[in-house]
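Just protein_4.txt here, compact mmCIF, C-alpha atoms and all ligand atoms:
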# COMPACT_ATOMS: atom_id res chain seq x y z
CA MET A 7 73.69 120.33 67.07
CA LEU A 8 76.44 120.35 69.66
CA ASN A 9 76.85 118.08 72.66
CA PHE A 10 78.38 119.85 75.70
CA ALA A 11 79.45 117.96 78.83
CA HIS A 12 78.14 119.90 81.84
CA ARG A 13 80.95 120.35 84.43
CA GLY A 14 82.73 117.65 82.37
CA PHE A 15 81.25 114.13 82.34
CA SER A 16 79.64 114.92 85.70
CA GLY A 17 76.96 112.22 85.52
CA LYS A 18 79.57 109.54 86.16
CA TYR A 19 82.63 111.34 87.58
CA PRO A 20 83.19 114.10 90.18
CA GLU A 21 82.08 117.38 88.61
CA ASN A 22 84.55 119.98 87.36
CA THR A 23 87.61 117.79 87.94
CA ARG A 24 90.44 116.63 85.70
CA LEU A 25 88.85 113.18 85.73
CA ALA A 26 85.44 114.44 84.54
CA PHE A 27 87.05 116.60 81.84
CA THR A 28 89.31 113.79 80.61
CA LYS A 29 86.33 111.42 80.39
CA ALA A 30 84.36 114.03 78.42
CA ILE A 31 87.24 114.46 75.98
CA GLU A 32 87.34 110.67 75.54
CA THR A 33 83.58 110.38 74.90
CA GLU A 34 82.77 109.85 71.25
CA GLY A 35 80.47 112.56 69.96
CA CYS A 36 81.19 115.01 72.76
CA ASP A 37 81.71 118.41 71.11
CA GLY A 38 82.46 120.65 74.05
CA ILE A 39 82.78 121.14 77.79
CA GLU A 40 80.92 123.57 80.05
CA THR A 41 82.66 124.57 83.27
CA ASP A 42 82.44 127.16 86.05
CA VAL A 43 85.04 129.77 87.00
CA GLN A 44 85.54 131.56 90.35
CA LEU A 45 88.53 133.51 91.77
CA SER A 46 90.84 132.49 94.61
CA ALA A 47 91.87 134.98 97.33
CA ASP A 48 95.06 135.70 95.38
CA GLY A 49 93.12 136.35 92.18
CA VAL A 50 93.64 133.10 90.27
CA PRO A 51 90.74 131.87 88.09
CA VAL A 52 89.85 128.39 89.39
CA ILE A 53 87.36 125.74 88.35
CA ILE A 54 84.55 125.00 90.80
CA HIS A 55 80.78 125.38 90.65
CA ASP A 56 79.85 126.62 94.12
CA GLU A 57 81.11 129.74 95.87
CA THR A 58 82.12 127.48 98.75
CA LEU A 59 83.98 124.20 99.10
CA ASP A 60 81.26 122.78 101.35
CA ARG A 61 79.39 120.56 98.89
CA THR A 62 82.12 119.13 96.66
CA ALA A 63 85.26 119.05 98.82
CA VAL A 64 85.58 116.10 101.17
CA ASN A 65 88.13 117.68 103.52
CA MET A 66 87.58 121.47 103.59
CA THR A 67 84.80 124.02 103.95
CA GLY A 68 84.49 127.77 103.46
CA ALA A 69 84.39 130.27 100.61
CA VAL A 70 86.68 129.80 97.61
CA LYS A 71 87.41 133.57 97.65
CA ASP A 72 88.89 133.31 101.16
CA TYR A 73 91.63 130.82 100.22
CA THR A 74 94.77 131.33 98.18
CA LEU A 75 95.44 128.94 95.35
CA GLU A 76 98.06 127.18 97.46
CA GLU A 77 95.45 126.58 100.14
CA LEU A 78 92.77 125.50 97.66
CA ARG A 79 95.18 122.89 96.29
CA LYS A 80 94.69 120.97 99.55
CA ALA A 81 91.00 120.41 98.83
CA ASP A 82 89.98 116.99 97.55
CA LEU A 83 87.06 117.55 95.18
CA SER A 84 86.19 113.91 94.68
CA TYR A 85 82.76 114.73 96.15
CA THR A 86 80.46 111.67 96.41
CA TYR A 87 83.09 109.59 94.57
CA ALA A 88 85.56 109.82 97.48
CA GLY A 89 87.36 106.52 97.84
CA LYS A 90 86.17 105.38 94.42
CA CYS A 91 88.66 107.53 92.49
CA GLU A 92 91.96 109.28 93.09
CA PRO A 93 91.72 112.51 95.13
CA GLN A 94 90.86 115.36 92.76
CA GLN A 95 92.77 118.61 93.20
CA MET A 96 91.12 121.87 92.16
CA MET A 97 92.19 122.94 88.67
CA THR A 98 93.07 126.46 87.64
CA LEU A 99 91.54 127.79 84.43
CA ARG A 100 95.04 127.71 82.96
CA GLU A 101 95.30 123.96 83.64
CA PHE A 102 91.83 123.41 82.19
CA LEU A 103 92.83 125.18 78.97
CA GLU A 104 96.08 123.18 78.80
CA LEU A 105 94.03 119.97 79.08
CA VAL A 106 91.38 120.87 76.50
CA LYS A 107 93.54 122.69 73.96
CA PRO A 108 94.96 119.58 72.21
CA SER A 109 91.43 118.22 71.63
CA ASP A 110 89.15 119.95 69.15
CA LEU A 111 86.47 120.50 71.78
CA ALA A 112 84.68 123.82 72.18
CA ILE A 113 84.40 125.35 75.62
CA ASN A 114 81.68 127.16 77.52
CA LEU A 115 83.15 129.11 80.43
CA GLU A 116 80.52 130.13 82.93
CA LEU A 117 81.72 133.06 85.03
CA LYS A 118 80.21 132.60 88.48
CA THR A 119 79.72 136.23 89.39
CA GLY A 120 76.19 135.85 90.75
CA VAL A 121 77.10 136.07 94.44
CA TYR A 122 80.56 137.70 94.43
CA GLU A 123 81.46 139.92 91.49
CA TYR A 124 85.14 138.87 91.54
CA GLU A 125 86.49 142.21 90.30
CA GLY A 126 88.77 141.75 87.30
CA ILE A 127 87.71 138.18 86.53
CA GLU A 128 86.65 139.10 82.98
CA GLN A 129 90.08 140.50 82.03
CA LYS A 130 91.91 137.53 83.56
CA VAL A 131 89.76 135.02 81.66
CA ILE A 132 90.10 136.82 78.33
CA ASP A 133 93.88 137.20 78.81
CA LEU A 134 94.17 133.44 79.30
CA LEU A 135 91.97 132.62 76.30
CA LYS A 136 94.09 134.92 74.14
CA GLU A 137 97.32 133.41 75.45
CA PHE A 138 96.02 129.94 74.51
CA ASP A 139 94.56 131.20 71.22
CA MET A 140 91.18 129.74 72.19
CA VAL A 141 88.88 132.75 71.84
CA SER A 142 87.11 131.42 68.74
CA ARG A 143 86.24 128.05 70.32
CA THR A 144 84.83 129.62 73.48
CA VAL A 145 81.48 130.96 74.55
CA ILE A 146 81.41 132.95 77.79
CA SER A 147 78.21 132.57 79.77
CA SER A 148 76.94 134.06 83.01
CA PHE A 149 73.77 134.64 84.98
CA ASN A 150 75.25 138.09 85.63
CA HIS A 151 74.75 139.88 82.34
CA PHE A 152 76.83 142.87 83.54
CA THR A 153 79.74 140.43 83.50
CA LEU A 154 78.95 139.66 79.86
CA LYS A 155 78.93 143.39 79.05
CA ARG A 156 82.40 143.72 80.61
CA VAL A 157 83.61 140.69 78.63
CA LYS A 158 82.35 142.26 75.38
CA ALA A 159 84.05 145.57 76.21
CA ILE A 160 87.37 143.75 76.59
CA CYS A 161 86.95 141.31 73.70
CA PRO A 162 84.14 142.22 71.28
CA GLU A 163 84.75 139.13 69.12
CA ILE A 164 84.08 136.54 71.81
CA ARG A 165 80.62 134.96 71.83
CA CYS A 166 78.54 135.58 74.94
CA GLY A 167 75.52 133.70 76.22
CA CYS A 168 72.89 135.00 78.66
CA LEU A 169 72.12 132.37 81.28
CA ILE A 170 68.52 132.56 82.37
CA HIS A 171 66.08 130.52 84.39
CA ALA A 172 62.88 132.23 83.29
CA TRP A 173 60.34 132.39 80.49
CA LEU A 174 61.35 135.67 78.83
CA LEU A 175 58.80 137.28 76.53
CA ASP A 176 61.31 138.24 73.86
CA PRO A 177 64.64 136.48 74.44
CA ALA A 178 65.95 137.23 70.95
CA GLY A 179 65.23 140.95 71.40
CA TYR A 180 66.99 140.94 74.77
CA VAL A 181 70.07 139.07 73.52
CA LYS A 182 70.44 141.22 70.40
CA ALA A 183 69.71 144.57 72.06
CA ASN A 184 72.56 143.90 74.47
CA GLY A 185 75.03 142.87 71.78
CA PHE A 186 75.24 139.16 72.68
CA GLU A 187 74.96 136.06 70.48
CA CYS A 188 73.49 133.27 72.58
CA TRP A 189 70.61 132.46 74.88
CA HIS A 190 71.36 129.87 77.59
CA PRO A 191 68.01 128.86 79.09
CA GLU A 192 67.15 126.22 81.64
CA PHE A 193 65.74 123.63 79.25
CA HIS A 194 62.16 123.69 80.54
CA CYS A 195 61.94 127.25 79.13
CA CYS A 196 62.80 125.98 75.63
CA THR A 197 59.82 125.34 73.37
CA PRO A 198 59.97 124.64 69.63
CA GLU A 199 58.20 128.00 69.15
CA ASN A 200 60.65 130.15 71.08
CA VAL A 201 63.69 128.26 69.73
CA LYS A 202 62.39 128.85 66.20
CA ALA A 203 61.91 132.56 66.91
CA LEU A 204 65.47 132.78 68.23
CA ALA A 205 66.85 130.90 65.24
CA ALA A 206 65.09 133.34 62.92
CA GLN A 207 67.09 136.12 64.62
CA HIS A 208 70.32 134.05 64.37
CA VAL A 209 70.55 133.69 68.14
CA GLU A 210 72.08 130.42 69.34
CA VAL A 211 70.18 128.43 71.96
CA ASN A 212 72.39 126.45 74.34
CA CYS A 213 70.15 124.81 76.93
CA TRP A 214 70.91 123.09 80.24
CA THR A 215 70.84 120.72 82.12
CA VAL A 216 69.36 117.99 79.96
CA ASN A 217 69.92 114.52 81.34
CA SER A 218 67.08 112.13 80.51
CA LEU A 219 66.57 110.42 77.14
CA VAL A 220 63.09 111.93 76.83
CA ASP A 221 64.29 115.47 77.49
CA ILE A 222 67.35 115.11 75.25
CA ARG A 223 65.05 114.01 72.37
CA LYS A 224 62.69 116.91 73.09
CA MET A 225 65.52 119.44 72.90
CA PHE A 226 66.87 117.99 69.65
CA GLN A 227 63.40 118.18 68.19
CA ALA A 228 63.01 121.78 69.40
CA GLY A 229 66.11 122.61 67.33
CA VAL A 230 68.46 123.94 69.99
CA THR A 231 72.06 124.75 69.04
CA SER A 232 73.61 122.81 71.94
CA ILE A 233 72.54 120.51 74.68
CA ILE A 234 74.50 120.92 77.92
CA GLY A 235 74.09 117.76 79.98
CA ASN A 236 75.74 115.53 82.54
CA TYR A 237 75.79 112.50 80.19
CA PRO A 238 77.51 113.35 76.89
CA ASP A 239 77.36 109.64 75.96
CA LEU A 240 73.53 109.71 76.07
CA VAL A 241 73.31 112.89 73.99
CA SER A 242 75.62 111.33 71.45
CA GLN A 243 73.48 108.17 71.35
CA VAL A 244 70.24 110.12 70.82
CA ARG A 245 71.79 112.25 68.08
CA ASP A 246 72.93 109.11 66.24
CA GLU A 247 69.47 107.49 66.57
CA LEU A 248 67.62 110.57 65.34
CA GLU A 249 70.01 110.93 62.44
CA GLU A 250 69.46 107.28 61.46
CA ASP A 251 65.68 107.78 61.61
CA GLY A 252 65.96 110.91 59.45
CA GLU A 253 64.43 113.06 62.22
CA TRP A 254 67.46 115.29 62.49
CA PRO A 255 69.00 117.70 61.51
CA LEU A 256 66.11 120.12 61.27
CA GLY A 257 66.26 122.68 58.50
CA TRP A 258 66.16 125.81 60.58
CA SER A 259 68.28 125.40 63.68
CA VAL A 260 71.11 127.85 64.29
CA CYS A 261 74.65 126.51 63.98
CA GLY A 262 77.37 127.53 66.39
CA PHE A 263 81.14 127.72 66.65
CA GLY A 264 82.24 128.96 63.28
CA ASP A 265 79.24 127.99 61.10
O1 LIG B 1 75.94 126.81 81.97
C1 LIG B 1 74.82 126.02 82.19
C2 LIG B 1 74.64 125.66 83.63
O2 LIG B 1 75.85 125.20 84.13
C3 LIG B 1 74.13 126.79 84.48
O3 LIG B 1 73.85 126.44 85.78
O4 LIG B 1 74.26 126.05 88.16
O5 LIG B 1 74.82 124.27 86.54
O6 LIG B 1 76.22 126.31 86.67
P1 LIG B 1 74.84 125.73 86.84
MG MG B 2 77.65 126.04 85.00
So, in terms of structure tokens, how does the structure I just supplied come out?
Ligand code: G3P
Ligand code: MG
Amino acid sequence: MLNFAHRGFSGKYPENTRLAFTKAIETEGCDGIETDVQLSADGVPVIIHDETLDRTAVNMTGAVKDYTLEELRKADLSYTYAGKCEPQQMMTLREFLELVKPSDLAINLELKTGVYEYEGIEQKVIDLLKEFDMVSRTVISSFNHFTLKRVKAICPEIRCGCLIHAWLLDPAGYVKANGFECWHPEFHCCTPENVKALAAQHVEVNCWTVNSLVDIRKMFQAGVTSIIGNYPDLVSQVRDELEEDGEWPLGWSVCGFGD
């Protein structure tokens, strides 16, 4: 059962920044990092959750797609932590991969093509993953499943996860019929019954965003493949406790990343 830090260690540090990623890498029991990718005006894959700078930058507003990388570098993404940490410059995907590569952490790259399609983003992301030789430790996720189809056409071997915020009737059927490997549900849509049905079809279940002790325990007990949460230290703690009590691992959950 894998423990993914959502936007880095975003529960305690400004999301999707070098600081949050470094803290996730340093957290014992953290197995991977989830992050969000958009494109700058000059076509560079950059790390930020929203389509605009408005929420997380303290000194700039406007759409990410309307600024060149050089301009985006001026944004301070320290968000609500402004003044409590060093200013946080936007990272490119290349810099993110450089940071994570020396660790053994897996990565979940969410392509944010829900509002703007960012033509060509799929090829740019795959080219970078190949350059860094990180295809096998990556899952590509998106709410835009056409994006996932384009990713598969470029790189059939990369694992793809369908992000979804809905109670699908047959998630395993949907994932498999479209040639993907993983289902990435909002965690309220994860029941032991549907996780078990997905596991029977060898579909991974990577759920988000699980932050409370009660919900983390529930998801472990449902048998999900990964928990994506803002507090990788809490997920690690719960996993250790359940293991000590003999309540985990369950016999039937689906393993990910090479298993
Ligand atoms: O990838 C899981 C999760 O990050 C999806 O939603 O809005 O937090 O990017 P969001
Ligand atoms: Mg995300």
Around ligand MG 2 (chain B), which protein and nucleic acid residues have at least one atom no more than 7 Å from it, if we count all atoms listed in the file? List them as a PDB file with C-alpha atoms, in the coordinates of the input.
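What follows is the written file out-v3.pdb:
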ATOM      1  CA  HIS A  12      78.140 119.900  81.840  1.00  0.00           C
ATOM      2  CA  ARG A  13      80.950 120.350  84.430  1.00  0.00           C
ATOM      3  CA  GLU A  40      80.920 123.570  80.050  1.00  0.00           C
ATOM      4  CA  THR A  41      82.660 124.570  83.270  1.00  0.00           C
ATOM      5  CA  ASP A  42      82.440 127.160  86.050  1.00  0.00           C
ATOM      6  CA  HIS A  55      80.780 125.380  90.650  1.00  0.00           C
ATOM      7  CA  GLU A 116      80.520 130.130  82.930  1.00  0.00           C
TER       8      GLU A 116
END
Could you give me the axis-aligned bounding box of ligand LIG 1 (chain B), with 3 Å of padding per side, as centre plus edge lengths in Å to one decimal, as lines of an AutoDock Vina configuration file?
center_x = 75.0
center_y = 125.5
center_z = 85.1
size_x = 8.4
size_y = 8.5
size_z = 12.2
Set the distance at 12 Å and use all atoms listed in the file: which residues neighbour Pro93 in chain A once local chain neighbours fewer than 6 positions away are removed? I'd like the list as a list of chain:residue names.
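Those residues are A:Tyr19, A:Pro20, A:Thr23, A:Arg24, A:Leu25, A:Thr62, A:Ala63, A:Val64, A:Asn65, A:Arg79, A:Lys80, A:Ala81, A:Asp82, A:Leu83, A:Ser84, A:Tyr85, A:Thr86, A:Tyr87.
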Please write out the residues within 10 Å of ligand LIG 1 (chain B) as a compact mmCIF listing (two decimals) with C-alpha atoms, in the frame of the given file, counting only C-alpha atoms and all ligand atoms.
# COMPACT_ATOMS: atom_id res chain seq x y z
CA PHE A 10 78.38 119.85 75.70
CA ALA A 11 79.45 117.96 78.83
CA HIS A 12 78.14 119.90 81.84
CA ARG A 13 80.95 120.35 84.43
CA ILE A 39 82.78 121.14 77.79
CA GLU A 40 80.92 123.57 80.05
CA THR A 41 82.66 124.57 83.27
CA ASP A 42 82.44 127.16 86.05
CA VAL A 43 85.04 129.77 87.00
CA ILE A 54 84.55 125.00 90.80
CA HIS A 55 80.78 125.38 90.65
CA ASP A 56 79.85 126.62 94.12
CA ASN A 114 81.68 127.16 77.52
CA LEU A 115 83.15 129.11 80.43
CA GLU A 116 80.52 130.13 82.93
CA LEU A 117 81.72 133.06 85.03
CA LYS A 118 80.21 132.60 88.48
CA ILE A 146 81.41 132.95 77.79
CA SER A 147 78.21 132.57 79.77
CA SER A 148 76.94 134.06 83.01
CA PHE A 149 73.77 134.64 84.98
CA GLY A 167 75.52 133.70 76.22
CA CYS A 168 72.89 135.00 78.66
CA LEU A 169 72.12 132.37 81.28
CA ILE A 170 68.52 132.56 82.37
CA HIS A 171 66.08 130.52 84.39
CA HIS A 190 71.36 129.87 77.59
CA PRO A 191 68.01 128.86 79.09
CA GLU A 192 67.15 126.22 81.64
CA PHE A 193 65.74 123.63 79.25
CA ASN A 212 72.39 126.45 74.34
CA CYS A 213 70.15 124.81 76.93
CA TRP A 214 70.91 123.09 80.24
CA THR A 215 70.84 120.72 82.12
CA VAL A 216 69.36 117.99 79.96
CA ILE A 233 72.54 120.51 74.68
CA ILE A 234 74.50 120.92 77.92
CA GLY A 235 74.09 117.76 79.98
CA ASN A 236 75.74 115.53 82.54
As a list in words, please: the residues near Leu248 in chain A (cut-off 12 Å, all atoms listed in the file, same-chain neighbours under 4 positions excluded).
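Neighbouring residues, sequence-local ones excluded: Met7, Leu219, Ile222, Arg223, Lys224, Met225, Phe226, Gln227, Val241, Ser242, Gln243, Val244, Gly252, Glu253, Trp254, Pro255 and Leu256 of chain A.
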Measuring atom to atom with only C-alpha atoms, identify which of A:Asp239, A:Glu250, A:Asp37, A:Glu187 is nearest to Ala112 in chain A.
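Of A:Asp239, A:Glu250, A:Asp37, A:Glu187, the one nearest Ala112 in chain A, counting only C-alpha atoms, is A:Asp37.
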Give as a PDB file with C-alpha atoms, in the coordinates of the input the set of residues within 12 Å of the point (98.4, 125.5, 99.4), where distances use the file's coordinates and only C-alpha atoms.
ATOM      1  CA  SER A  46      90.840 132.490  94.610  1.00  0.00           C
ATOM      2  CA  ALA A  47      91.870 134.980  97.330  1.00  0.00           C
ATOM      3  CA  ASP A  48      95.060 135.700  95.380  1.00  0.00           C
ATOM      4  CA  TYR A  73      91.630 130.820 100.220  1.00  0.00           C
ATOM      5  CA  THR A  74      94.770 131.330  98.180  1.00  0.00           C
ATOM      6  CA  LEU A  75      95.440 128.940  95.350  1.00  0.00           C
ATOM      7  CA  GLU A  76      98.060 127.180  97.460  1.00  0.00           C
ATOM      8  CA  GLU A  77      95.450 126.580 100.140  1.00  0.00           C
ATOM      9  CA  LEU A  78      92.770 125.500  97.660  1.00  0.00           C
ATOM     10  CA  ARG A  79      95.180 122.890  96.290  1.00  0.00           C
ATOM     11  CA  LYS A  80      94.690 120.970  99.550  1.00  0.00           C
ATOM     12  CA  ALA A  81      91.000 120.410  98.830  1.00  0.00           C
ATOM     13  CA  GLN A  95      92.770 118.610  93.200  1.00  0.00           C
ATOM     14  CA  MET A  96      91.120 121.870  92.160  1.00  0.00           C
TER      15      MET A  96
END
Nearest residue to Ala159 in chain A out of A:Gly49, A:Gly120, A:Gly35, A:Gly185, using all atoms listed in the file?
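That would be A:Gly185, the residue with the smallest distance to Ala159 in chain A.
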Of the listed residues A:Glu128, A:Asp246, A:Glu137, A:Asp72, that which approaches Cys161 in chain A most closely, counting all atoms listed in the file:
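Under the stated criterion, the closest residue is A:Glu128.
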Closest of A:Gly68, A:Trp173, A:Asn22, A:Val220 to Gln94 in chain A - atom-to-atom distances counting all atoms listed in the file
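Of A:Gly68, A:Trp173, A:Asn22, A:Val220, the one nearest Gln94 in chain A, counting all atoms listed in the file, is A:Asn22.
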The residues within 12 Å of (93.4, 140.7, 83.9), using only C-alpha atoms and the coordinates of the file, should be reported as JSON, numbers by chain; which are they?
{"A": [45, 49, 50, 51, 124, 125, 126, 127, 128, 129, 130, 131, 132, 133, 134, 135, 136, 137, 156, 157, 160]}
So which one's closest to Val121 in chain A, A:Lys158, A:Lys90, A:Lys71, A:His208? Using all atoms listed in the file, please.
A:Lys71
Quick one: pull the distance between CA of Asn9 in chain A and CA of Asn200 in chain A, Å, one decimal.
20.3 Å
Considering only C-alpha atoms, can you say which of A:Ser109, A:Asn217, A:Asn150, A:Thr144 comes closest to Ile164 in chain A?
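The shortest atom-to-atom distance to Ile164 in chain A comes from A:Thr144.
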Would you output range 196-224 of chain A from that structure, restricted to N, CA and C atoms, as an mmCIF file, in the first residue's frame?
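Once everything was written out, this is result16.cif:
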data_model
loop_
_atom_site.group_PDB
_atom_site.id
_atom_site.type_symbol
_atom_site.label_atom_id
_atom_site.label_comp_id
_atom_site.auth_asym_id
_atom_site.auth_seq_id
_atom_site.Cartn_x
_atom_site.Cartn_y
_atom_site.Cartn_z
ATOM 1 N N CYS A 196 -14.861 5.444 -2.716
ATOM 2 C CA CYS A 196 -14.128 4.182 -2.557
ATOM 3 C C CYS A 196 -14.762 3.356 -1.457
ATOM 4 N N THR A 197 -15.431 2.275 -1.797
ATOM 5 C CA THR A 197 -15.958 1.382 -0.763
ATOM 6 C C THR A 197 -15.162 0.082 -0.827
ATOM 7 N N PRO A 198 -15.160 -0.690 0.268
ATOM 8 C CA PRO A 198 -14.469 -1.987 0.202
ATOM 9 C C PRO A 198 -14.994 -2.829 -0.964
ATOM 10 N N GLU A 199 -16.297 -2.723 -1.248
ATOM 11 C CA GLU A 199 -16.886 -3.543 -2.330
ATOM 12 C C GLU A 199 -16.332 -3.140 -3.691
ATOM 13 N N ASN A 200 -16.337 -1.817 -3.980
ATOM 14 C CA ASN A 200 -15.867 -1.474 -5.336
ATOM 15 C C ASN A 200 -14.347 -1.601 -5.458
ATOM 16 N N VAL A 201 -13.615 -1.399 -4.351
ATOM 17 C CA VAL A 201 -12.160 -1.601 -4.427
ATOM 18 C C VAL A 201 -11.857 -3.076 -4.689
ATOM 19 N N LYS A 202 -12.614 -3.953 -4.023
ATOM 20 C CA LYS A 202 -12.412 -5.393 -4.213
ATOM 21 C C LYS A 202 -12.710 -5.797 -5.665
ATOM 22 N N ALA A 203 -13.770 -5.222 -6.219
ATOM 23 C CA ALA A 203 -14.133 -5.542 -7.612
ATOM 24 C C ALA A 203 -13.039 -5.065 -8.573
ATOM 25 N N LEU A 204 -12.459 -3.916 -8.277
ATOM 26 C CA LEU A 204 -11.370 -3.400 -9.117
ATOM 27 C C LEU A 204 -10.125 -4.269 -8.983
ATOM 28 N N ALA A 205 -9.838 -4.670 -7.749
ATOM 29 C CA ALA A 205 -8.658 -5.521 -7.510
ATOM 30 C C ALA A 205 -8.794 -6.843 -8.262
ATOM 31 N N ALA A 206 -10.017 -7.359 -8.310
ATOM 32 C CA ALA A 206 -10.242 -8.636 -9.009
ATOM 33 C C ALA A 206 -9.919 -8.502 -10.498
ATOM 34 N N GLN A 207 -10.053 -7.283 -11.021
ATOM 35 C CA GLN A 207 -9.740 -7.027 -12.437
ATOM 36 C C GLN A 207 -8.313 -6.473 -12.598
ATOM 37 N N HIS A 208 -7.533 -6.517 -11.521
ATOM 38 C CA HIS A 208 -6.141 -6.027 -11.527
ATOM 39 C C HIS A 208 -6.057 -4.551 -11.888
ATOM 40 N N VAL A 209 -7.032 -3.780 -11.435
ATOM 41 C CA VAL A 209 -6.988 -2.331 -11.633
ATOM 42 C C VAL A 209 -6.542 -1.704 -10.311
ATOM 43 N N GLU A 210 -5.512 -0.864 -10.374
ATOM 44 C CA GLU A 210 -5.039 -0.173 -9.170
ATOM 45 C C GLU A 210 -6.026 0.910 -8.755
ATOM 46 N N VAL A 211 -6.127 1.125 -7.448
ATOM 47 C CA VAL A 211 -7.003 2.182 -6.932
ATOM 48 C C VAL A 211 -6.148 3.156 -6.124
ATOM 49 N N ASN A 212 -5.983 4.357 -6.683
ATOM 50 C CA ASN A 212 -5.170 5.388 -6.026
ATOM 51 C C ASN A 212 -6.103 6.544 -5.659
ATOM 52 N N CYS A 213 -6.460 6.627 -4.364
ATOM 53 C CA CYS A 213 -7.530 7.556 -3.992
ATOM 54 C C CYS A 213 -6.982 8.830 -3.355
ATOM 55 N N TRP A 214 -7.773 9.901 -3.416
ATOM 56 C CA TRP A 214 -7.368 11.221 -2.948
ATOM 57 C C TRP A 214 -8.564 11.889 -2.298
ATOM 58 N N THR A 215 -8.485 12.966 -1.630
ATOM 59 C CA THR A 215 -7.334 13.419 -0.882
ATOM 60 C C THR A 215 -7.624 13.078 0.566
ATOM 61 N N VAL A 216 -6.886 12.161 1.111
ATOM 62 C CA VAL A 216 -7.235 11.507 2.374
ATOM 63 C C VAL A 216 -6.351 12.090 3.472
ATOM 64 N N ASN A 217 -6.968 12.848 4.366
ATOM 65 C CA ASN A 217 -6.162 13.614 5.326
ATOM 66 C C ASN A 217 -6.401 13.283 6.794
ATOM 67 N N SER A 218 -7.571 12.766 7.146
ATOM 68 C CA SER A 218 -7.804 12.527 8.581
ATOM 69 C C SER A 218 -7.434 11.089 8.933
ATOM 70 N N LEU A 219 -7.114 10.880 10.218
ATOM 71 C CA LEU A 219 -6.738 9.534 10.679
ATOM 72 C C LEU A 219 -7.845 8.532 10.379
ATOM 73 N N VAL A 220 -9.084 8.950 10.646
ATOM 74 C CA VAL A 220 -10.223 8.037 10.436
ATOM 75 C C VAL A 220 -10.321 7.635 8.964
ATOM 76 N N ASP A 221 -10.212 8.618 8.076
ATOM 77 C CA ASP A 221 -10.355 8.312 6.645
ATOM 78 C C ASP A 221 -9.157 7.519 6.125
ATOM 79 N N ILE A 222 -7.976 7.823 6.637
ATOM 80 C CA ILE A 222 -6.788 7.062 6.198
ATOM 81 C C ILE A 222 -6.979 5.584 6.582
ATOM 82 N N ARG A 223 -7.425 5.329 7.817
ATOM 83 C CA ARG A 223 -7.670 3.944 8.263
ATOM 84 C C ARG A 223 -8.703 3.270 7.369
ATOM 85 N N LYS A 224 -9.787 4.009 7.081
ATOM 86 C CA LYS A 224 -10.866 3.452 6.241
ATOM 87 C C LYS A 224 -10.324 3.017 4.881
#
